[in-house]
Structure formats: C-alpha cells, structure tokens
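Student: This is final_15.cif (mmCIF, N, CA and C atoms).
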data_structure
#
loop_
_atom_site.label_atom_id
_atom_site.label_comp_id
_atom_site.auth_asym_id
_atom_site.auth_seq_id
_atom_site.Cartn_x
_atom_site.Cartn_y
_atom_site.Cartn_z
N MET A 1 5.89 -1.47 25.77
CA MET A 1 6.42 -0.48 24.87
C MET A 1 7.92 -0.35 25.11
N VAL A 2 8.65 -0.15 24.06
CA VAL A 2 10.09 -0.03 24.14
C VAL A 2 10.45 1.39 24.52
N SER A 3 11.30 1.54 25.52
CA SER A 3 11.74 2.87 25.90
C SER A 3 13.00 3.22 25.12
N LEU A 4 13.01 4.42 24.59
CA LEU A 4 14.14 4.89 23.79
C LEU A 4 14.85 6.01 24.53
N THR A 5 16.15 6.03 24.42
CA THR A 5 16.91 7.13 24.98
C THR A 5 16.74 8.35 24.08
N ASP A 6 17.21 9.48 24.54
CA ASP A 6 17.09 10.70 23.74
C ASP A 6 17.89 10.59 22.44
N PHE A 7 19.06 9.97 22.50
CA PHE A 7 19.85 9.78 21.28
C PHE A 7 19.13 8.88 20.28
N GLN A 8 18.47 7.84 20.76
CA GLN A 8 17.74 6.96 19.87
C GLN A 8 16.54 7.65 19.26
N ARG A 9 15.88 8.51 20.03
CA ARG A 9 14.76 9.28 19.46
C ARG A 9 15.25 10.22 18.36
N ILE A 10 16.38 10.86 18.60
CA ILE A 10 16.97 11.71 17.57
C ILE A 10 17.31 10.87 16.34
N GLY A 11 17.84 9.67 16.56
CA GLY A 11 18.18 8.78 15.46
C GLY A 11 16.97 8.37 14.65
N VAL A 12 15.86 8.08 15.33
CA VAL A 12 14.64 7.72 14.61
C VAL A 12 14.18 8.89 13.74
N GLY A 13 14.27 10.10 14.29
CA GLY A 13 13.92 11.27 13.49
C GLY A 13 14.83 11.46 12.30
N LEU A 14 16.12 11.26 12.50
CA LEU A 14 17.07 11.40 11.39
C LEU A 14 16.84 10.36 10.31
N VAL A 15 16.59 9.11 10.73
CA VAL A 15 16.30 8.06 9.74
C VAL A 15 15.01 8.37 8.99
N GLY A 16 13.99 8.84 9.72
CA GLY A 16 12.74 9.20 9.06
C GLY A 16 12.91 10.32 8.04
N PHE A 17 13.63 11.37 8.44
CA PHE A 17 13.89 12.45 7.49
C PHE A 17 14.77 11.99 6.35
N GLY A 18 15.71 11.09 6.62
CA GLY A 18 16.56 10.56 5.56
C GLY A 18 15.75 9.80 4.52
N ILE A 19 14.84 8.95 4.98
CA ILE A 19 13.99 8.21 4.05
C ILE A 19 13.09 9.17 3.27
N PHE A 20 12.56 10.19 3.96
CA PHE A 20 11.73 11.19 3.29
C PHE A 20 12.51 11.90 2.18
N PHE A 21 13.72 12.34 2.49
CA PHE A 21 14.50 13.07 1.48
C PHE A 21 14.91 12.17 0.32
N VAL A 22 15.19 10.91 0.59
CA VAL A 22 15.52 9.99 -0.51
C VAL A 22 14.30 9.79 -1.40
N LEU A 23 13.14 9.54 -0.80
CA LEU A 23 11.94 9.37 -1.61
C LEU A 23 11.57 10.64 -2.36
N PHE A 24 11.72 11.79 -1.71
CA PHE A 24 11.44 13.06 -2.36
C PHE A 24 12.43 13.33 -3.49
N GLY A 25 13.68 12.95 -3.29
CA GLY A 25 14.68 13.10 -4.34
C GLY A 25 14.40 12.21 -5.54
N VAL A 26 13.87 11.02 -5.29
CA VAL A 26 13.51 10.14 -6.40
C VAL A 26 12.30 10.70 -7.13
N LEU A 27 11.32 11.23 -6.38
CA LEU A 27 10.14 11.81 -7.02
C LEU A 27 10.48 13.03 -7.87
N LEU A 28 11.50 13.76 -7.48
CA LEU A 28 11.91 14.93 -8.25
C LEU A 28 13.00 14.57 -9.27
N TYR A 29 12.81 13.44 -9.91
CA TYR A 29 13.68 12.98 -11.00
C TYR A 29 15.14 12.87 -10.58
N PHE A 30 15.35 12.18 -9.48
CA PHE A 30 16.69 11.87 -8.99
C PHE A 30 17.52 13.13 -8.76
N ASP A 31 16.97 14.01 -7.95
CA ASP A 31 17.70 15.21 -7.56
C ASP A 31 18.86 14.80 -6.66
N SER A 32 20.07 15.05 -7.11
CA SER A 32 21.25 14.53 -6.42
C SER A 32 21.46 15.16 -5.04
N VAL A 33 21.08 16.41 -4.86
CA VAL A 33 21.26 17.07 -3.57
C VAL A 33 20.33 16.45 -2.52
N LEU A 34 19.08 16.25 -2.88
CA LEU A 34 18.14 15.63 -1.94
C LEU A 34 18.53 14.19 -1.63
N LEU A 35 18.97 13.46 -2.63
CA LEU A 35 19.39 12.07 -2.40
C LEU A 35 20.62 12.02 -1.49
N ALA A 36 21.58 12.89 -1.73
CA ALA A 36 22.77 12.91 -0.89
C ALA A 36 22.43 13.30 0.55
N PHE A 37 21.57 14.31 0.70
CA PHE A 37 21.15 14.73 2.04
C PHE A 37 20.41 13.61 2.74
N GLY A 38 19.54 12.91 2.02
CA GLY A 38 18.82 11.79 2.60
C GLY A 38 19.74 10.66 3.01
N ASN A 39 20.75 10.37 2.21
CA ASN A 39 21.71 9.32 2.55
C ASN A 39 22.49 9.68 3.82
N ILE A 40 22.92 10.92 3.91
CA ILE A 40 23.68 11.35 5.08
C ILE A 40 22.82 11.29 6.34
N LEU A 41 21.57 11.75 6.22
CA LEU A 41 20.67 11.68 7.37
C LEU A 41 20.37 10.24 7.78
N PHE A 42 20.17 9.36 6.80
CA PHE A 42 19.87 7.96 7.11
C PHE A 42 21.04 7.30 7.84
N LEU A 43 22.23 7.48 7.32
CA LEU A 43 23.39 6.85 7.95
C LEU A 43 23.68 7.44 9.33
N SER A 44 23.55 8.75 9.49
CA SER A 44 23.78 9.33 10.81
C SER A 44 22.69 8.92 11.79
N GLY A 45 21.47 8.77 11.33
CA GLY A 45 20.40 8.29 12.20
C GLY A 45 20.63 6.87 12.65
N LEU A 46 21.15 6.04 11.75
CA LEU A 46 21.47 4.67 12.12
C LEU A 46 22.54 4.63 13.20
N VAL A 47 23.52 5.51 13.11
CA VAL A 47 24.55 5.60 14.14
C VAL A 47 23.95 6.04 15.47
N PHE A 48 23.02 6.98 15.44
CA PHE A 48 22.39 7.42 16.68
C PHE A 48 21.53 6.33 17.30
N ILE A 49 20.88 5.52 16.48
CA ILE A 49 19.98 4.49 17.02
C ILE A 49 20.75 3.33 17.65
N ILE A 50 21.70 2.77 16.92
CA ILE A 50 22.36 1.56 17.43
C ILE A 50 23.79 1.79 17.90
N GLY A 51 24.30 2.99 17.74
CA GLY A 51 25.64 3.29 18.22
C GLY A 51 26.68 3.12 17.13
N PHE A 52 27.80 3.81 17.32
CA PHE A 52 28.85 3.80 16.30
C PHE A 52 29.49 2.42 16.16
N ARG A 53 29.80 1.79 17.28
CA ARG A 53 30.48 0.50 17.22
C ARG A 53 29.61 -0.58 16.58
N ARG A 54 28.33 -0.63 16.96
CA ARG A 54 27.44 -1.63 16.36
C ARG A 54 27.21 -1.36 14.88
N THR A 55 27.11 -0.10 14.52
CA THR A 55 26.95 0.24 13.10
C THR A 55 28.18 -0.21 12.32
N PHE A 56 29.34 0.07 12.85
CA PHE A 56 30.58 -0.31 12.18
C PHE A 56 30.67 -1.83 12.06
N THR A 57 30.38 -2.55 13.14
CA THR A 57 30.47 -4.01 13.08
C THR A 57 29.40 -4.60 12.17
N PHE A 58 28.22 -3.95 12.09
CA PHE A 58 27.18 -4.46 11.18
C PHE A 58 27.63 -4.32 9.73
N PHE A 59 28.12 -3.14 9.37
CA PHE A 59 28.47 -2.91 7.97
C PHE A 59 29.73 -3.64 7.54
N PHE A 60 30.63 -3.90 8.47
CA PHE A 60 31.91 -4.47 8.06
C PHE A 60 32.10 -5.90 8.54
N GLN A 61 31.00 -6.67 8.65
CA GLN A 61 31.11 -8.11 8.86
C GLN A 61 31.57 -8.73 7.56
N ARG A 62 32.32 -9.81 7.67
CA ARG A 62 32.87 -10.44 6.47
C ARG A 62 31.80 -10.87 5.46
N PRO A 63 30.68 -11.49 5.88
CA PRO A 63 29.68 -11.87 4.87
C PRO A 63 28.94 -10.69 4.25
N LYS A 64 28.99 -9.53 4.89
CA LYS A 64 28.25 -8.38 4.39
C LYS A 64 29.12 -7.35 3.69
N LEU A 65 30.37 -7.67 3.43
CA LEU A 65 31.26 -6.69 2.80
C LEU A 65 30.83 -6.35 1.37
N LYS A 66 30.28 -7.31 0.66
CA LYS A 66 29.83 -7.04 -0.71
C LYS A 66 28.69 -6.02 -0.70
N GLY A 67 27.70 -6.24 0.16
CA GLY A 67 26.59 -5.31 0.26
C GLY A 67 27.02 -3.95 0.76
N THR A 68 27.95 -3.94 1.73
CA THR A 68 28.45 -2.68 2.25
C THR A 68 29.18 -1.89 1.18
N SER A 69 29.99 -2.57 0.40
CA SER A 69 30.75 -1.86 -0.64
C SER A 69 29.81 -1.28 -1.69
N PHE A 70 28.77 -2.02 -2.07
CA PHE A 70 27.82 -1.48 -3.04
C PHE A 70 27.03 -0.33 -2.45
N PHE A 71 26.58 -0.47 -1.19
CA PHE A 71 25.78 0.58 -0.57
C PHE A 71 26.58 1.86 -0.38
N LEU A 72 27.75 1.75 0.24
CA LEU A 72 28.57 2.94 0.46
C LEU A 72 29.14 3.49 -0.85
N GLY A 73 29.43 2.61 -1.79
CA GLY A 73 29.85 3.07 -3.11
C GLY A 73 28.74 3.85 -3.80
N GLY A 74 27.50 3.40 -3.64
CA GLY A 74 26.36 4.14 -4.19
C GLY A 74 26.21 5.50 -3.55
N VAL A 75 26.43 5.57 -2.24
CA VAL A 75 26.36 6.87 -1.54
C VAL A 75 27.42 7.81 -2.10
N ILE A 76 28.62 7.30 -2.31
CA ILE A 76 29.70 8.14 -2.85
C ILE A 76 29.38 8.58 -4.28
N ILE A 77 28.83 7.67 -5.08
CA ILE A 77 28.46 8.03 -6.46
C ILE A 77 27.37 9.10 -6.46
N VAL A 78 26.39 8.99 -5.54
CA VAL A 78 25.36 10.03 -5.45
C VAL A 78 25.98 11.36 -5.04
N LEU A 79 26.93 11.32 -4.11
CA LEU A 79 27.60 12.56 -3.70
C LEU A 79 28.40 13.17 -4.84
N MET A 80 28.83 12.35 -5.80
CA MET A 80 29.56 12.85 -6.97
C MET A 80 28.61 13.30 -8.07
N ARG A 81 27.29 13.34 -7.75
CA ARG A 81 26.24 13.81 -8.65
C ARG A 81 25.97 12.90 -9.84
N TRP A 82 26.02 11.62 -9.63
CA TRP A 82 25.54 10.64 -10.60
C TRP A 82 24.42 9.86 -9.90
N PRO A 83 23.24 10.46 -9.78
CA PRO A 83 22.23 9.90 -8.88
C PRO A 83 21.62 8.58 -9.33
N ILE A 84 21.39 8.39 -10.61
CA ILE A 84 20.72 7.16 -11.05
C ILE A 84 21.61 5.95 -10.83
N LEU A 85 22.86 6.04 -11.24
CA LEU A 85 23.79 4.95 -11.02
C LEU A 85 24.01 4.71 -9.52
N GLY A 86 24.14 5.79 -8.76
CA GLY A 86 24.33 5.67 -7.33
C GLY A 86 23.16 5.00 -6.63
N MET A 87 21.95 5.36 -7.03
CA MET A 87 20.77 4.74 -6.40
C MET A 87 20.63 3.27 -6.78
N LEU A 88 21.01 2.93 -7.99
CA LEU A 88 20.99 1.51 -8.38
C LEU A 88 21.99 0.71 -7.53
N LEU A 89 23.18 1.25 -7.36
CA LEU A 89 24.18 0.58 -6.52
C LEU A 89 23.71 0.50 -5.06
N GLU A 90 23.13 1.58 -4.57
CA GLU A 90 22.62 1.58 -3.20
C GLU A 90 21.51 0.56 -3.01
N ALA A 91 20.61 0.48 -3.97
CA ALA A 91 19.50 -0.46 -3.85
C ALA A 91 20.01 -1.90 -3.81
N TYR A 92 20.96 -2.22 -4.67
CA TYR A 92 21.51 -3.57 -4.64
C TYR A 92 22.24 -3.84 -3.32
N GLY A 93 23.00 -2.86 -2.85
CA GLY A 93 23.69 -3.02 -1.57
C GLY A 93 22.72 -3.13 -0.41
N PHE A 94 21.64 -2.35 -0.43
CA PHE A 94 20.64 -2.40 0.64
C PHE A 94 19.98 -3.77 0.69
N ILE A 95 19.62 -4.29 -0.47
CA ILE A 95 18.99 -5.62 -0.51
C ILE A 95 19.97 -6.69 -0.04
N THR A 96 21.21 -6.58 -0.42
CA THR A 96 22.21 -7.55 0.00
C THR A 96 22.49 -7.45 1.50
N LEU A 97 22.55 -6.23 2.03
CA LEU A 97 22.83 -6.03 3.45
C LEU A 97 21.70 -6.53 4.33
N PHE A 98 20.47 -6.19 3.97
CA PHE A 98 19.34 -6.47 4.84
C PHE A 98 18.54 -7.69 4.39
N ARG A 99 19.15 -8.56 3.64
CA ARG A 99 18.48 -9.77 3.16
C ARG A 99 17.93 -10.62 4.30
N SER A 100 18.67 -10.73 5.38
CA SER A 100 18.21 -11.56 6.50
C SER A 100 17.10 -10.89 7.29
N PHE A 101 16.91 -9.58 7.13
CA PHE A 101 15.88 -8.88 7.87
C PHE A 101 14.52 -8.94 7.18
N PHE A 102 14.48 -9.16 5.88
CA PHE A 102 13.23 -9.13 5.14
C PHE A 102 12.20 -10.16 5.63
N PRO A 103 12.57 -11.41 5.92
CA PRO A 103 11.56 -12.35 6.43
C PRO A 103 10.95 -11.89 7.75
N VAL A 104 11.75 -11.27 8.61
CA VAL A 104 11.21 -10.76 9.87
C VAL A 104 10.22 -9.64 9.61
N ALA A 105 10.56 -8.73 8.70
CA ALA A 105 9.67 -7.61 8.38
C ALA A 105 8.38 -8.11 7.75
N PHE A 106 8.47 -9.07 6.82
CA PHE A 106 7.27 -9.59 6.19
C PHE A 106 6.42 -10.35 7.20
N GLY A 107 7.05 -11.03 8.13
CA GLY A 107 6.31 -11.71 9.19
C GLY A 107 5.57 -10.71 10.07
N PHE A 108 6.22 -9.57 10.35
CA PHE A 108 5.55 -8.53 11.14
C PHE A 108 4.36 -7.97 10.39
N PHE A 109 4.53 -7.67 9.11
CA PHE A 109 3.42 -7.13 8.34
C PHE A 109 2.30 -8.15 8.18
N GLY A 110 2.66 -9.42 8.12
CA GLY A 110 1.64 -10.47 8.07
C GLY A 110 0.87 -10.57 9.37
N SER A 111 1.51 -10.28 10.49
CA SER A 111 0.81 -10.33 11.78
C SER A 111 -0.12 -9.14 11.96
N LEU A 112 0.00 -8.11 11.15
CA LEU A 112 -0.91 -6.98 11.25
C LEU A 112 -2.33 -7.35 10.84
N VAL A 113 -2.47 -8.44 10.09
CA VAL A 113 -3.79 -8.89 9.68
C VAL A 113 -4.60 -9.36 10.89
N ASP A 114 -3.93 -9.75 11.97
CA ASP A 114 -4.61 -10.22 13.18
C ASP A 114 -5.23 -9.08 13.98
N ILE A 115 -4.91 -7.84 13.68
CA ILE A 115 -5.49 -6.70 14.37
C ILE A 115 -6.91 -6.51 13.83
N PRO A 116 -7.94 -6.48 14.71
CA PRO A 116 -9.34 -6.48 14.24
C PRO A 116 -9.68 -5.35 13.27
N VAL A 117 -9.25 -4.14 13.54
CA VAL A 117 -9.61 -3.02 12.68
C VAL A 117 -8.97 -3.18 11.30
N LEU A 118 -7.69 -3.58 11.29
CA LEU A 118 -7.01 -3.74 10.00
C LEU A 118 -7.55 -4.93 9.21
N SER A 119 -7.92 -6.00 9.89
CA SER A 119 -8.45 -7.17 9.18
C SER A 119 -9.78 -6.82 8.50
N LYS A 120 -10.64 -6.03 9.17
CA LYS A 120 -11.90 -5.60 8.54
C LYS A 120 -11.62 -4.70 7.35
N LEU A 121 -10.67 -3.79 7.51
CA LEU A 121 -10.32 -2.89 6.41
C LEU A 121 -9.76 -3.67 5.22
N LEU A 122 -8.89 -4.64 5.49
CA LEU A 122 -8.32 -5.44 4.39
C LEU A 122 -9.37 -6.31 3.73
N GLN A 123 -10.35 -6.79 4.49
CA GLN A 123 -11.43 -7.57 3.89
C GLN A 123 -12.27 -6.70 2.97
N LYS A 124 -12.57 -5.46 3.40
CA LYS A 124 -13.35 -4.56 2.56
C LYS A 124 -12.60 -4.20 1.28
N VAL A 125 -11.31 -3.95 1.41
CA VAL A 125 -10.51 -3.61 0.23
C VAL A 125 -10.42 -4.83 -0.69
N GLY A 126 -10.29 -6.01 -0.13
CA GLY A 126 -10.21 -7.22 -0.94
C GLY A 126 -11.51 -7.53 -1.63
N ASP A 127 -12.66 -7.25 -0.99
CA ASP A 127 -13.95 -7.50 -1.60
C ASP A 127 -14.29 -6.50 -2.68
N SER A 128 -13.82 -5.28 -2.57
CA SER A 128 -14.20 -4.23 -3.52
C SER A 128 -13.37 -4.26 -4.80
N SER A 129 -12.38 -5.11 -4.87
CA SER A 129 -11.54 -5.13 -6.09
C SER A 129 -12.14 -6.09 -7.10
N SER A 130 -13.15 -5.60 -7.80
CA SER A 130 -13.78 -6.42 -8.83
C SER A 130 -13.22 -6.05 -10.19
N MET A 131 -13.37 -6.92 -11.14
CA MET A 131 -12.81 -6.71 -12.47
C MET A 131 -13.80 -6.01 -13.40
N VAL A 132 -14.93 -5.54 -12.91
CA VAL A 132 -15.97 -4.94 -13.75
C VAL A 132 -15.70 -3.52 -14.04
#
Give the structure from this file in structure tokens form.
Tutor:
Amino acid sequence: MVSLTDFQRIGVGLVGFGIFFVLFGVLLYFDSVLLAFGNILFLSGLVFIIGFRRTFTFFFQRPKLKGTSFFLGGVIIVLMRWPILGMLLEAYGFITLFRSFFPVAFGFFGSLVDIPVLSKLLQKVGDSSSMV
C-alpha cells in the first residue's frame, strides 16, 4: 500500500471534492459557481498531491502548452460565468493534457477483470443483457 503524507491526503480530498463539485455543477445545468469552485478545488488538490514545482513543470512543458492553455483558459472562462464554453475548452485541454495517461488508466481498469469478485459480477451483468 502506498503511504501518503498529510498534505497528499488533503490533496486527495480536495481533488475528490473538486470532481464532485464539477459533476454537480454540470448536473445542475452548468451552474457557474459550482463549476468554478470545483475547478479551484481540483487544481489546489493537484498542487497538494504532487507539489507546486511538479505541477508547474507538468502544466508548462513545451509539448503540453496547447492543452494547458485550453484547460486554464476554460477555467478562466468559467470564472467569468460562461460555463458551457469554459467546460468545452476545459474538456479539450484535459484530453490533450492527459492523453498519455489514458492507456495506463484503461490498462488498470482492464486488470480489474482479474479480481475474482468483479469478474463474476461482470459475467453476470454480461449474461443478463439480452435483447428480449
């Protein structure tokens, strides 16, 4: 098990609440206050988890400047209360920034099938999906 420092635990909580507020803001028809609060919590949680210097170097690497500009530009647009346009810009920036992480995440989710309880559950769900 990975041991986390107290700052990293706080960061995980901030990122979790940030994702919650962003999803809740989208569910409430793009409420700009909830989206802005979620964005601020997500970014501050990321700083708590990996540190300020690593966060800065991650976002401002030369190959990732396009994604960073779209993501941070979307955050600014959401803060200016244009939530739909801001979220579209953020989504494109997020996909561009974390493009190299997606194969790792999908590989992890694919390995969850090897867990006995989940494999039985997925088999039952797969068998029960009939077209009748």
Student: Give the answer as one residue: which of A:Phe94, A:Phe106, A:Phe7, A:Phe58 has the shortest atom-to-atom distance to Leu72 of chain A, using only C-alpha atoms?
Tutor: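 Distance minimum relative to Leu72 of chain A lands on A:Phe94.
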Student: I'd like the contact shell of Ser44 of chain A - 10 Å cut-off, only C-alpha atoms, skipping same-chain residues fewer than 2 positions apart - returned as a VMD selection string.
Tutor: chain A and resid 10 to 11 14 to 15 18 38 to 42 46 to 49 51 to 52 55
Student: Find the spatial neighbours of segment 19-22 of chain A, counting only C-alpha atoms, within a cut-off of 12 Å - ignore same-chain residues fewer than 6 positions away - and output them as a PDB file with N, CA and C atoms, keeping the file's coordinate frame.
Tutor:
ATOM      1  N   VAL A  12      15.860   8.080  15.330  1.00  0.00           N
ATOM      2  CA  VAL A  12      14.640   7.720  14.610  1.00  0.00           C
ATOM      3  C   VAL A  12      14.180   8.890  13.740  1.00  0.00           C
ATOM      4  N   GLY A  13      14.270  10.100  14.290  1.00  0.00           N
ATOM      5  CA  GLY A  13      13.920  11.270  13.490  1.00  0.00           C
ATOM      6  C   GLY A  13      14.830  11.460  12.300  1.00  0.00           C
ATOM      7  N   LEU A  28      11.500  13.760  -7.480  1.00  0.00           N
ATOM      8  CA  LEU A  28      11.910  14.930  -8.250  1.00  0.00           C
ATOM      9  C   LEU A  28      13.000  14.570  -9.270  1.00  0.00           C
ATOM     10  N   TYR A  29      12.810  13.440  -9.910  1.00  0.00           N
ATOM     11  CA  TYR A  29      13.680  12.980 -11.000  1.00  0.00           C
ATOM     12  C   TYR A  29      15.140  12.870 -10.580  1.00  0.00           C
ATOM     13  N   PHE A  30      15.350  12.180  -9.480  1.00  0.00           N
ATOM     14  CA  PHE A  30      16.690  11.870  -8.990  1.00  0.00           C
ATOM     15  C   PHE A  30      17.520  13.130  -8.760  1.00  0.00           C
ATOM     16  N   ASP A  31      16.970  14.010  -7.950  1.00  0.00           N
ATOM     17  CA  ASP A  31      17.700  15.210  -7.560  1.00  0.00           C
ATOM     18  C   ASP A  31      18.860  14.800  -6.660  1.00  0.00           C
ATOM     19  N   SER A  32      20.070  15.050  -7.110  1.00  0.00           N
ATOM     20  CA  SER A  32      21.250  14.530  -6.420  1.00  0.00           C
ATOM     21  C   SER A  32      21.460  15.160  -5.040  1.00  0.00           C
ATOM     22  N   VAL A  33      21.080  16.410  -4.860  1.00  0.00           N
ATOM     23  CA  VAL A  33      21.260  17.070  -3.570  1.00  0.00           C
ATOM     24  C   VAL A  33      20.330  16.450  -2.520  1.00  0.00           C
ATOM     25  N   LEU A  34      19.080  16.250  -2.880  1.00  0.00           N
ATOM     26  CA  LEU A  34      18.140  15.630  -1.940  1.00  0.00           C
ATOM     27  C   LEU A  34      18.530  14.190  -1.630  1.00  0.00           C
ATOM     28  N   LEU A  35      18.970  13.460  -2.630  1.00  0.00           N
ATOM     29  CA  LEU A  35      19.390  12.070  -2.400  1.00  0.00           C
ATOM     30  C   LEU A  35      20.620  12.020  -1.490  1.00  0.00           C
ATOM     31  N   ALA A  36      21.580  12.890  -1.730  1.00  0.00           N
ATOM     32  CA  ALA A  36      22.770  12.910  -0.890  1.00  0.00           C
ATOM     33  C   ALA A  36      22.430  13.300   0.550  1.00  0.00           C
ATOM     34  N   PHE A  37      21.570  14.310   0.700  1.00  0.00           N
ATOM     35  CA  PHE A  37      21.150  14.730   2.040  1.00  0.00           C
ATOM     36  C   PHE A  37      20.410  13.610   2.740  1.00  0.00           C
ATOM     37  N   GLY A  38      19.540  12.910   2.020  1.00  0.00           N
ATOM     38  CA  GLY A  38      18.820  11.790   2.600  1.00  0.00           C
ATOM     39  C   GLY A  38      19.740  10.660   3.010  1.00  0.00           C
ATOM     40  N   ASN A  39      20.750  10.370   2.210  1.00  0.00           N
ATOM     41  CA  ASN A  39      21.710   9.320   2.550  1.00  0.00           C
ATOM     42  C   ASN A  39      22.490   9.680   3.820  1.00  0.00           C
ATOM     43  N   ILE A  40      22.920  10.920   3.910  1.00  0.00           N
ATOM     44  CA  ILE A  40      23.680  11.350   5.080  1.00  0.00           C
ATOM     45  C   ILE A  40      22.820  11.290   6.340  1.00  0.00           C
ATOM     46  N   LEU A  41      21.570  11.750   6.220  1.00  0.00           N
ATOM     47  CA  LEU A  41      20.670  11.680   7.370  1.00  0.00           C
ATOM     48  C   LEU A  41      20.370  10.240   7.780  1.00  0.00           C
ATOM     49  N   PHE A  42      20.170   9.360   6.800  1.00  0.00           N
ATOM     50  CA  PHE A  42      19.870   7.960   7.110  1.00  0.00           C
ATOM     51  C   PHE A  42      21.040   7.300   7.840  1.00  0.00           C
ATOM     52  N   LEU A  43      22.230   7.480   7.320  1.00  0.00           N
ATOM     53  CA  LEU A  43      23.390   6.850   7.950  1.00  0.00           C
ATOM     54  C   LEU A  43      23.680   7.440   9.330  1.00  0.00           C
ATOM     55  N   SER A  44      23.550   8.750   9.490  1.00  0.00           N
ATOM     56  CA  SER A  44      23.780   9.330  10.810  1.00  0.00           C
ATOM     57  C   SER A  44      22.690   8.920  11.790  1.00  0.00           C
ATOM     58  N   GLY A  45      21.470   8.770  11.330  1.00  0.00           N
ATOM     59  CA  GLY A  45      20.400   8.290  12.200  1.00  0.00           C
ATOM     60  C   GLY A  45      20.630   6.870  12.650  1.00  0.00           C
ATOM     61  N   LEU A  46      21.150   6.040  11.750  1.00  0.00           N
ATOM     62  CA  LEU A  46      21.470   4.670  12.120  1.00  0.00           C
ATOM     63  C   LEU A  46      22.540   4.630  13.200  1.00  0.00           C
ATOM     64  N   VAL A  75      26.430   5.570  -2.240  1.00  0.00           N
ATOM     65  CA  VAL A  75      26.360   6.870  -1.540  1.00  0.00           C
ATOM     66  C   VAL A  75      27.420   7.810  -2.100  1.00  0.00           C
ATOM     67  N   VAL A  78      26.390   8.990  -5.540  1.00  0.00           N
ATOM     68  CA  VAL A  78      25.360  10.030  -5.450  1.00  0.00           C
ATOM     69  C   VAL A  78      25.980  11.360  -5.040  1.00  0.00           C
ATOM     70  N   PRO A  83      23.240  10.460  -9.780  1.00  0.00           N
ATOM     71  CA  PRO A  83      22.230   9.900  -8.880  1.00  0.00           C
ATOM     72  C   PRO A  83      21.620   8.580  -9.330  1.00  0.00           C
ATOM     73  N   GLY A  86      24.140   5.790  -8.760  1.00  0.00           N
ATOM     74  CA  GLY A  86      24.330   5.670  -7.330  1.00  0.00           C
ATOM     75  C   GLY A  86      23.160   5.000  -6.630  1.00  0.00           C
ATOM     76  N   MET A  87      21.950   5.360  -7.030  1.00  0.00           N
ATOM     77  CA  MET A  87      20.770   4.740  -6.400  1.00  0.00           C
ATOM     78  C   MET A  87      20.630   3.270  -6.780  1.00  0.00           C
ATOM     79  N   GLU A  90      23.130   1.580  -4.570  1.00  0.00           N
ATOM     80  CA  GLU A  90      22.620   1.580  -3.200  1.00  0.00           C
ATOM     81  C   GLU A  90      21.510   0.560  -3.010  1.00  0.00           C
ATOM     82  N   ALA A  91      20.610   0.480  -3.970  1.00  0.00           N
ATOM     83  CA  ALA A  91      19.500  -0.460  -3.850  1.00  0.00           C
ATOM     84  C   ALA A  91      20.010  -1.900  -3.810  1.00  0.00           C
TER      85      ALA A  91
END
Student: Tell me, in Å to one decimal, how far atom CA of Tyr92 of chain A is from atom N of Phe70 of chain A.
Tutor: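 Separation of atom CA of Tyr92 of chain A and atom N of Phe70 of chain A: 7.9 Å.
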Student: By how many Å are atom N of Asp6 of chain A and atom CA of Phe56 of chain A apart?
Tutor: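 For atom N of Asp6 of chain A relative to atom CA of Phe56 of chain A, the distance reads 20.7 Å.
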Student: Using Å and a single decimal, report how far atom C of Gln8 of chain A sits from atom C of Phe108 of chain A.
Tutor: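 Taking atom C of Phe108 of chain A as the start and atom C of Gln8 of chain A as the end point, the length is 21.7 Å.
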Student: Could you check the closest approach to Arg9 of chain A for each of A:Ile50, A:Val117, A:Ile95, A:Leu65 and tell me which residue wins, using only C-alpha atoms?
Tutor: A:Ile50
Student: Can you tell me, as AutoDock Vina command-line options, the centre and edge lengths (Å, one decimal) of the axis-aligned box enclosing all of segment 91-100 of chain A's listed atoms after padding each side by 4 Å?
Tutor:
--center_x 20.4 --center_y -5.5 --center_z 1.3 --size_x 14.6 --size_y 20.0 --size_z 20.0
Student: Using DSSP assignments from the backbone, pull out every residue in chain A that falls under helix (DSSP H, G or I) and give it to me as a PyMOL selection string.
Tutor: chain A and resi 6-27+32-50+52-59+62-79+83-97+102-114+116-128
